[in-house]
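What follows is the content of my_file-v5.txt (compact mmCIF, C-alpha atoms (C1' of nucleotides)).
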```txt
# COMPACT_ATOMS: atom_id res chain seq x y z
CA MET A 1 0.00 0.00 0.00
CA LYS A 2 1.38 3.35 -1.08
CA ILE A 3 0.59 6.23 1.24
CA VAL A 4 1.49 9.89 0.76
CA THR A 5 1.13 13.20 2.55
CA PHE A 6 1.28 16.54 0.74
CA ASN A 7 0.75 20.13 1.90
CA VAL A 8 -0.61 21.56 -1.35
CA ASN A 9 -0.88 25.22 -0.28
CA GLY A 10 -4.30 25.70 -1.85
CA VAL A 11 -6.10 22.88 -3.69
CA ARG A 12 -7.51 25.26 -6.32
CA ALA A 13 -4.12 26.67 -7.19
CA ARG A 14 -2.70 23.15 -7.49
CA ILE A 15 -5.56 21.17 -9.01
CA ASP A 16 -4.06 20.55 -12.46
CA THR A 17 -0.66 19.42 -11.23
CA LEU A 18 -2.30 17.42 -8.44
CA ILE A 19 -4.44 15.40 -10.83
CA GLU A 20 -1.54 14.82 -13.20
CA TRP A 21 0.66 13.73 -10.29
CA LEU A 22 -1.99 11.29 -8.97
CA LYS A 23 -2.37 9.74 -12.43
CA GLU A 24 1.37 9.14 -12.58
CA THR A 25 1.98 7.95 -9.03
CA ASN A 26 -1.32 6.24 -8.13
CA PRO A 27 -1.17 6.25 -4.31
CA ASP A 28 -3.72 4.22 -2.32
CA VAL A 29 -4.11 6.85 0.37
CA VAL A 30 -3.48 10.60 0.08
CA ALA A 31 -3.39 13.03 3.00
CA LEU A 32 -3.68 16.68 1.99
CA GLN A 33 -3.11 19.80 4.07
CA GLU A 34 -3.79 23.50 3.52
CA ILE A 35 -6.53 22.85 0.99
CA LYS A 36 -7.81 26.37 1.85
CA ILE A 37 -11.36 25.67 0.76
CA GLN A 38 -14.69 24.82 2.35
CA ASP A 39 -16.08 21.32 1.84
CA ALA A 40 -18.86 22.40 -0.51
CA ASP A 41 -16.38 23.95 -2.95
CA PHE A 42 -13.82 21.12 -2.94
CA PRO A 43 -13.23 19.82 -6.50
CA ARG A 44 -14.43 16.32 -5.67
CA SER A 45 -15.25 15.16 -9.17
CA ALA A 46 -11.68 15.63 -10.42
CA PHE A 47 -10.49 13.15 -7.79
CA GLU A 48 -13.48 10.83 -8.08
CA LYS A 49 -12.74 10.40 -11.79
CA LEU A 50 -9.48 8.77 -10.69
CA GLY A 51 -11.32 6.46 -8.29
CA TYR A 52 -10.71 8.38 -5.08
CA HIS A 53 -13.20 8.80 -2.27
CA CYS A 54 -12.82 12.20 -0.60
CA TYR A 55 -13.08 12.79 3.16
CA LEU A 56 -12.88 16.46 4.03
CA ASN A 57 -12.41 18.86 6.89
CA GLY A 58 -12.19 22.07 4.92
CA GLN A 59 -12.18 25.72 5.88
CA LYS A 60 -12.55 28.87 3.86
CA SER A 61 -9.25 30.61 3.01
CA PHE A 62 -7.09 28.92 5.64
CA ASN A 63 -6.01 25.47 6.80
CA GLY A 64 -8.20 22.55 5.73
CA VAL A 65 -7.26 18.86 5.52
CA ALA A 66 -8.45 15.90 3.48
CA ILE A 67 -7.97 12.15 3.14
CA LEU A 68 -8.41 10.53 -0.26
CA THR A 69 -8.66 6.76 -0.59
CA LYS A 70 -8.79 4.38 -3.56
CA GLY A 71 -12.10 2.87 -2.58
CA GLU A 72 -14.48 3.55 0.25
CA ALA A 73 -13.17 4.38 3.71
CA LYS A 74 -14.89 5.20 6.96
CA LEU A 75 -14.63 8.77 8.22
CA SER A 76 -14.16 8.39 11.97
CA ASN A 77 -13.27 11.84 13.35
CA ARG A 78 -12.85 15.47 12.36
CA ILE A 79 -12.24 16.86 15.83
CA LEU A 80 -9.07 16.66 17.91
CA PRO A 81 -10.39 16.41 21.48
CA GLY A 82 -9.39 18.84 24.20
CA ASP A 83 -10.61 22.27 23.08
CA SER A 84 -14.26 22.78 22.23
CA ASP A 85 -13.52 26.37 21.12
CA ASP A 86 -11.07 25.28 18.42
CA LYS A 87 -12.62 26.23 15.07
CA GLN A 88 -9.59 25.58 12.86
CA SER A 89 -9.74 22.67 10.41
CA ARG A 90 -6.52 20.82 11.09
CA PHE A 91 -7.50 17.23 11.83
CA ILE A 92 -9.27 14.39 10.05
CA GLU A 93 -9.22 10.65 10.65
CA ALA A 94 -10.45 7.75 8.56
CA TYR A 95 -10.22 3.98 8.55
CA TYR A 96 -9.22 2.30 5.33
CA GLN A 97 -8.31 -1.37 4.86
CA GLU A 98 -8.11 -1.90 8.62
CA LYS A 99 -5.68 0.93 9.11
CA ARG A 100 -6.30 4.18 10.93
CA PHE A 101 -5.16 7.32 9.12
CA VAL A 102 -4.79 10.54 11.09
CA CYS A 103 -4.14 13.53 8.82
CA ILE A 104 -2.99 16.70 10.57
CA TYR A 105 -2.01 20.26 9.83
CA LEU A 106 -0.29 21.21 13.05
CA PRO A 107 -0.32 24.95 13.89
CA ASN A 108 2.70 26.97 12.81
CA GLY A 109 2.94 28.80 16.13
CA ASN A 110 4.89 31.86 15.04
CA PRO A 111 5.73 34.22 16.48
CA LYS A 112 6.76 32.84 19.85
CA GLY A 113 5.42 34.66 22.88
CA THR A 114 1.94 35.02 21.42
CA GLU A 115 -1.35 33.16 21.72
CA LYS A 116 -0.48 31.46 18.41
CA PHE A 117 2.48 29.74 20.06
CA GLU A 118 0.40 28.74 23.09
CA TYR A 119 -2.22 27.32 20.71
CA LYS A 120 0.49 25.21 19.03
CA LEU A 121 1.78 23.84 22.34
CA LYS A 122 -1.73 22.96 23.51
CA TRP A 123 -2.56 21.44 20.12
CA MET A 124 0.51 19.20 20.39
CA ASP A 125 -0.49 18.13 23.90
CA ARG A 126 -3.94 17.27 22.57
CA LEU A 127 -2.42 15.27 19.70
CA ASN A 128 -0.05 13.43 22.00
CA GLN A 129 -2.84 12.43 24.35
CA TYR A 130 -4.96 11.32 21.40
CA CYS A 131 -2.13 9.21 19.99
CA LYS A 132 -1.29 7.77 23.40
CA LYS A 133 -4.86 6.64 23.93
CA ALA A 134 -5.02 5.25 20.39
CA LEU A 135 -2.11 2.88 21.07
CA ILE A 136 -4.24 0.85 23.48
CA SER A 137 -6.23 -0.43 20.50
CA GLU A 138 -3.08 -2.02 18.98
CA GLU A 139 -4.31 -0.84 15.60
CA GLU A 140 -2.10 0.06 12.69
CA ILE A 141 -2.06 3.83 12.99
CA ILE A 142 -0.55 6.21 10.46
CA VAL A 143 -0.28 9.81 11.66
CA LEU A 144 0.78 11.99 8.77
CA GLY A 145 0.80 15.56 7.60
CA ASP A 146 2.44 18.92 8.10
CA PHE A 147 3.69 18.85 11.70
CA ASN A 148 5.41 22.25 11.51
CA VAL A 149 8.19 20.70 13.57
CA ILE A 150 11.88 20.50 12.60
CA PRO A 151 12.81 17.47 14.72
CA GLN A 152 16.63 17.76 14.71
CA TYR A 153 19.53 19.98 13.64
CA ILE A 154 20.06 17.81 10.58
CA ASP A 155 16.52 18.56 9.45
CA CYS A 156 17.33 22.10 8.33
CA LYS A 157 20.23 23.58 6.39
CA TYR A 158 21.01 26.46 8.74
CA PRO A 159 19.99 25.62 12.33
CA ASP A 160 21.18 29.05 13.47
CA GLN A 161 18.44 30.63 11.38
CA TRP A 162 15.76 28.70 13.27
CA THR A 163 16.72 29.05 16.92
CA GLN A 164 14.01 31.65 17.60
CA ASP A 165 11.41 30.01 15.40
CA ALA A 166 8.34 28.10 16.59
CA LEU A 167 9.21 25.25 14.20
CA PHE A 168 12.48 24.51 16.00
CA ASP A 169 11.57 25.58 19.53
CA SER A 170 12.86 23.25 22.26
CA GLN A 171 9.41 22.79 23.82
CA VAL A 172 7.95 22.00 20.40
CA ARG A 173 10.69 19.50 19.63
CA ALA A 174 10.21 17.90 23.05
CA LYS A 175 6.51 17.43 22.37
CA PHE A 176 7.29 15.80 19.03
CA ASN A 177 9.75 13.54 20.83
CA TYR A 178 7.02 12.63 23.30
CA LEU A 179 5.12 11.05 20.42
CA LEU A 180 8.20 9.07 19.38
CA ASN A 181 8.85 8.04 22.97
CA LEU A 182 5.37 6.52 23.10
CA GLY A 183 6.58 4.09 20.46
CA TYR A 184 5.64 5.85 17.24
CA LEU A 185 8.24 5.83 14.48
CA ASP A 186 9.38 8.65 12.20
CA ALA A 187 9.17 6.75 8.92
CA ILE A 188 11.61 8.92 6.99
CA ARG A 189 14.26 9.21 9.68
CA ILE A 190 14.26 5.52 10.62
CA LEU A 191 15.24 4.47 7.07
CA ASN A 192 17.37 7.47 6.11
CA GLU A 193 20.16 8.66 8.35
CA THR A 194 21.56 11.37 6.11
CA ASP A 195 21.02 15.10 6.48
CA SER A 196 19.41 17.40 3.93
CA LEU A 197 16.19 15.42 3.70
CA PHE A 198 13.89 18.38 3.30
CA THR A 199 10.16 18.65 2.59
CA GLN A 200 9.65 22.44 2.44
CA TRP A 201 11.54 25.33 0.89
CA ASP A 202 10.40 28.93 1.28
CA TYR A 203 9.22 30.64 -1.89
CA ARG A 204 11.46 33.60 -1.05
CA SER A 205 15.15 34.27 -1.13
CA ARG A 206 15.98 31.53 -3.65
CA ALA A 207 15.53 28.93 -0.90
CA TRP A 208 14.90 26.08 -3.35
CA GLU A 209 17.80 26.97 -5.62
CA GLU A 210 20.13 27.00 -2.62
CA ASN A 211 18.52 23.94 -1.01
CA ASN A 212 17.76 25.98 2.08
CA GLY A 213 15.00 23.65 3.20
CA ILE A 214 13.47 22.10 6.28
CA ARG A 215 11.91 18.72 7.12
CA ILE A 216 8.51 19.39 8.70
CA ASP A 217 6.16 17.00 6.86
CA HIS A 218 6.18 13.65 8.60
CA VAL A 219 4.72 10.15 8.54
CA VAL A 220 4.60 8.69 12.04
CA LEU A 221 3.72 5.03 12.56
CA SER A 222 2.37 3.06 15.50
CA PRO A 223 4.41 -0.09 16.27
CA ASN A 224 2.02 -2.40 14.42
CA ALA A 225 2.10 -0.17 11.34
CA ALA A 226 5.88 0.24 11.60
CA ASP A 227 6.27 -3.55 11.40
CA LYS A 228 4.98 -3.30 7.82
CA LEU A 229 7.11 -0.38 6.69
CA GLU A 230 8.95 -1.23 3.48
CA LYS A 231 10.16 2.11 2.15
CA SER A 232 9.92 5.82 2.82
CA TRP A 233 10.92 8.65 0.52
CA ILE A 234 10.48 12.32 -0.28
CA GLU A 235 9.36 13.30 -3.79
CA THR A 236 11.64 16.31 -4.12
CA SER A 237 11.18 16.71 -7.87
CA LEU A 238 7.74 18.28 -7.51
CA ARG A 239 9.36 21.46 -6.19
CA ASN A 240 10.74 22.00 -9.73
CA GLN A 241 7.30 22.22 -11.32
CA GLU A 242 5.75 25.41 -12.53
CA LYS A 243 3.65 26.94 -9.76
CA PRO A 244 4.78 24.41 -7.15
CA SER A 245 3.60 24.14 -3.58
CA ASP A 246 6.33 25.18 -1.16
CA HIS A 247 6.08 21.62 0.25
CA VAL A 248 6.68 18.28 -1.51
CA PRO A 249 5.04 14.87 -0.98
CA VAL A 250 6.35 12.40 1.62
CA TRP A 251 5.71 8.73 0.82
CA ILE A 252 5.74 5.37 2.55
CA SER A 253 4.91 1.88 1.36
CA LEU A 254 3.53 -0.77 3.71
CA SER A 255 3.62 -4.50 3.00
CA GLU A 256 0.23 -6.05 2.26
CA LYS A 257 0.48 -9.01 4.59
C1' DA B 258 15.78 44.80 11.26
C1' DT B 259 13.30 44.21 7.02
C1' DG B 260 11.58 41.89 3.11
C1' DA B 261 11.62 38.46 -0.04
C1' DC B 262 6.76 34.82 -2.66
C1' DG B 263 2.49 32.87 -3.11
C1' DC B 264 -2.43 32.03 -1.94
C1' DG B 265 -6.98 33.60 -0.95
C1' DT B 266 -10.22 37.22 -0.13
C1' DC B 267 -17.40 40.25 -0.37
C1' DA B 268 -9.50 41.60 -3.62
C1' DT B 269 -7.28 45.72 -6.28
C1' DA B 270 -4.19 45.77 0.28
C1' DC B 271 -3.80 42.63 3.70
C1' DG B 272 -3.57 38.30 6.68
C1' DC B 273 -1.15 34.30 6.81
C1' DG B 274 2.38 31.07 6.15
C1' DA B 275 7.43 29.11 7.43
```

Could you take the file, read its structure, and then write that structure out as structure tokens?
Amino acid sequence: MKIVTFNVNGVRARIDTLIEWLKETNPDVVALQEIKIQDADFPRSAFEKLGYHCYLNGQKSFNGVAILTKGEAKLSNRILPGDSDDKQSRFIEAYYQEKRFVCIYLPNGNPKGTEKFEYKLKWMDRLNQYCKKALISEEEIIVLGDFNVIPQYIDCKYPDQWTQDALFDSQVRAKFNYLLNLGYLDAIRILNETDSLFTQWDYRSRAWEENNGIRIDHVVLSPNAADKLEKSWIETSLRNQEKPSDHVPVWISLSEK
DNA sequence: ATGACGCGTCATACGCGA
């Protein structure tokens, strides 16, 4: 089973390249972030023509996540517990072929020292508690999306540039580590020990041309899912397209048995 | 310290992202 996560930075702006990419790569499960559209306006038919079922938690203008599956899935949750006032669309969960897919767009949190940063920290606590509780089921759980967390120094080109940033904050990194310490596995890092494995490059300041990137899009696996991990890779080439997203897809394949 | 790009919006400047 081929599974991919992709922050598209606007599904309308990306629809043509998205459809072309899906035709070529044919993933079984697709997790999208920053679709920036409300559910009613999502271009369902373009994906349905390729055989995908669409499960949406959209929002006008900002945020918005989706799970697409080749065949019918069961939408199980669109709310991350722990804050009934949270109106931002950053979480969706679906079951497909006896696996649980949790697609997230974790808050950016910048700048530090504001309510945005506090919201990020609380959101991460909520996610960690959710993922901790989920382990009890012993299901195969795939948590994937834009985490807005640079886990380690080797996950950015110039760590000095990020020391004051919410993506590389020590509390934020500790909360990401909490998830790993529960027994979840970072699917890219576990199979690739080299540096410069980036998933996002700023549009500005020639960041792509100079490979000034960061690794913030992650696929995190529960132990039972990790047992089936065959490969993990980052599809860097998409950043070369015309009108690219600033992020690129992150892939895993799981064995069928 | 600032701005740089790009997306979306009851647009034609501004919020937001990373």

Each chain A residue no farther than 6 Å from chain B, nearest pair in Å, only C-alpha atoms (C1' of nucleotides), as a Markdown table:
```
| residue | atom | partner | partner_atom | distance |
| --- | --- | --- | --- | --- |
| A:Ser61 | CA | B:DG265 | C1' | 5.5 |
| A:Tyr203 | CA | B:DC262 | C1' | 4.9 |
| A:Arg204 | CA | B:DA261 | C1' | 5.0 |
| A:Ser205 | CA | B:DA261 | C1' | 5.6 |
```

Do you have the atom CA of A:Ile150-atom CA of A:Arg12 distance handy?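 Distance between the two atoms: 27.5 Å.
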
Given the choices A:Asn26, A:Val219, A:Asn224, A:Leu121, which gets closest to A:Ile136 if the distance is worked out from all atoms listed in the file?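 Checking each candidate against A:Ile136, we get A:Asn224 as the closest.
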
Using only C-alpha atoms, which residue out of A:Glu140, A:Asp146, A:Glu210, A:Asp169 lies closest to A:Asp227? A:Glu140

Using atom CA of A:Lys23 and atom CA of A:Arg189 as the two end points, give the distance in Å to one decimal.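 Interatomic distance, atom CA of A:Lys23 to atom CA of A:Arg189: 27.7 Å.
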
Quick one: residues within 9 Å of A:Gly71, all atoms listed in the file counted, chain neighbours fewer than 3 positions away excluded, as a PyMOL selection string? chain A and resi 28+51-53+68+96

note - atom CA of A:Ile104 and atom CA of A:Leu127 are separated by 9.3 Å

Contacts of A:Lys231 within 7 Å, all atoms listed in the file, excl. fewer than 2 positions in-chain, as a PyMOL selection string: chain A and resi 229+233+252-253

Give me the residues near A:Pro111 as a count of residues only, where near means some atom within 12 Å (using all atoms listed in the file) and where sequence neighbours in that chain fewer than 6 positions away do not count. 14

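Every protein, DNA or RNA residue with an atom at most 9 Å from A:Lys228, where all atoms listed in the file count and chain neighbours fewer than 2 positions away do not, is listed here: Asn224, Ala225, Ala226, Glu230, Ser253, Leu254, Ser255, Glu256 and Lys257 of chain A.
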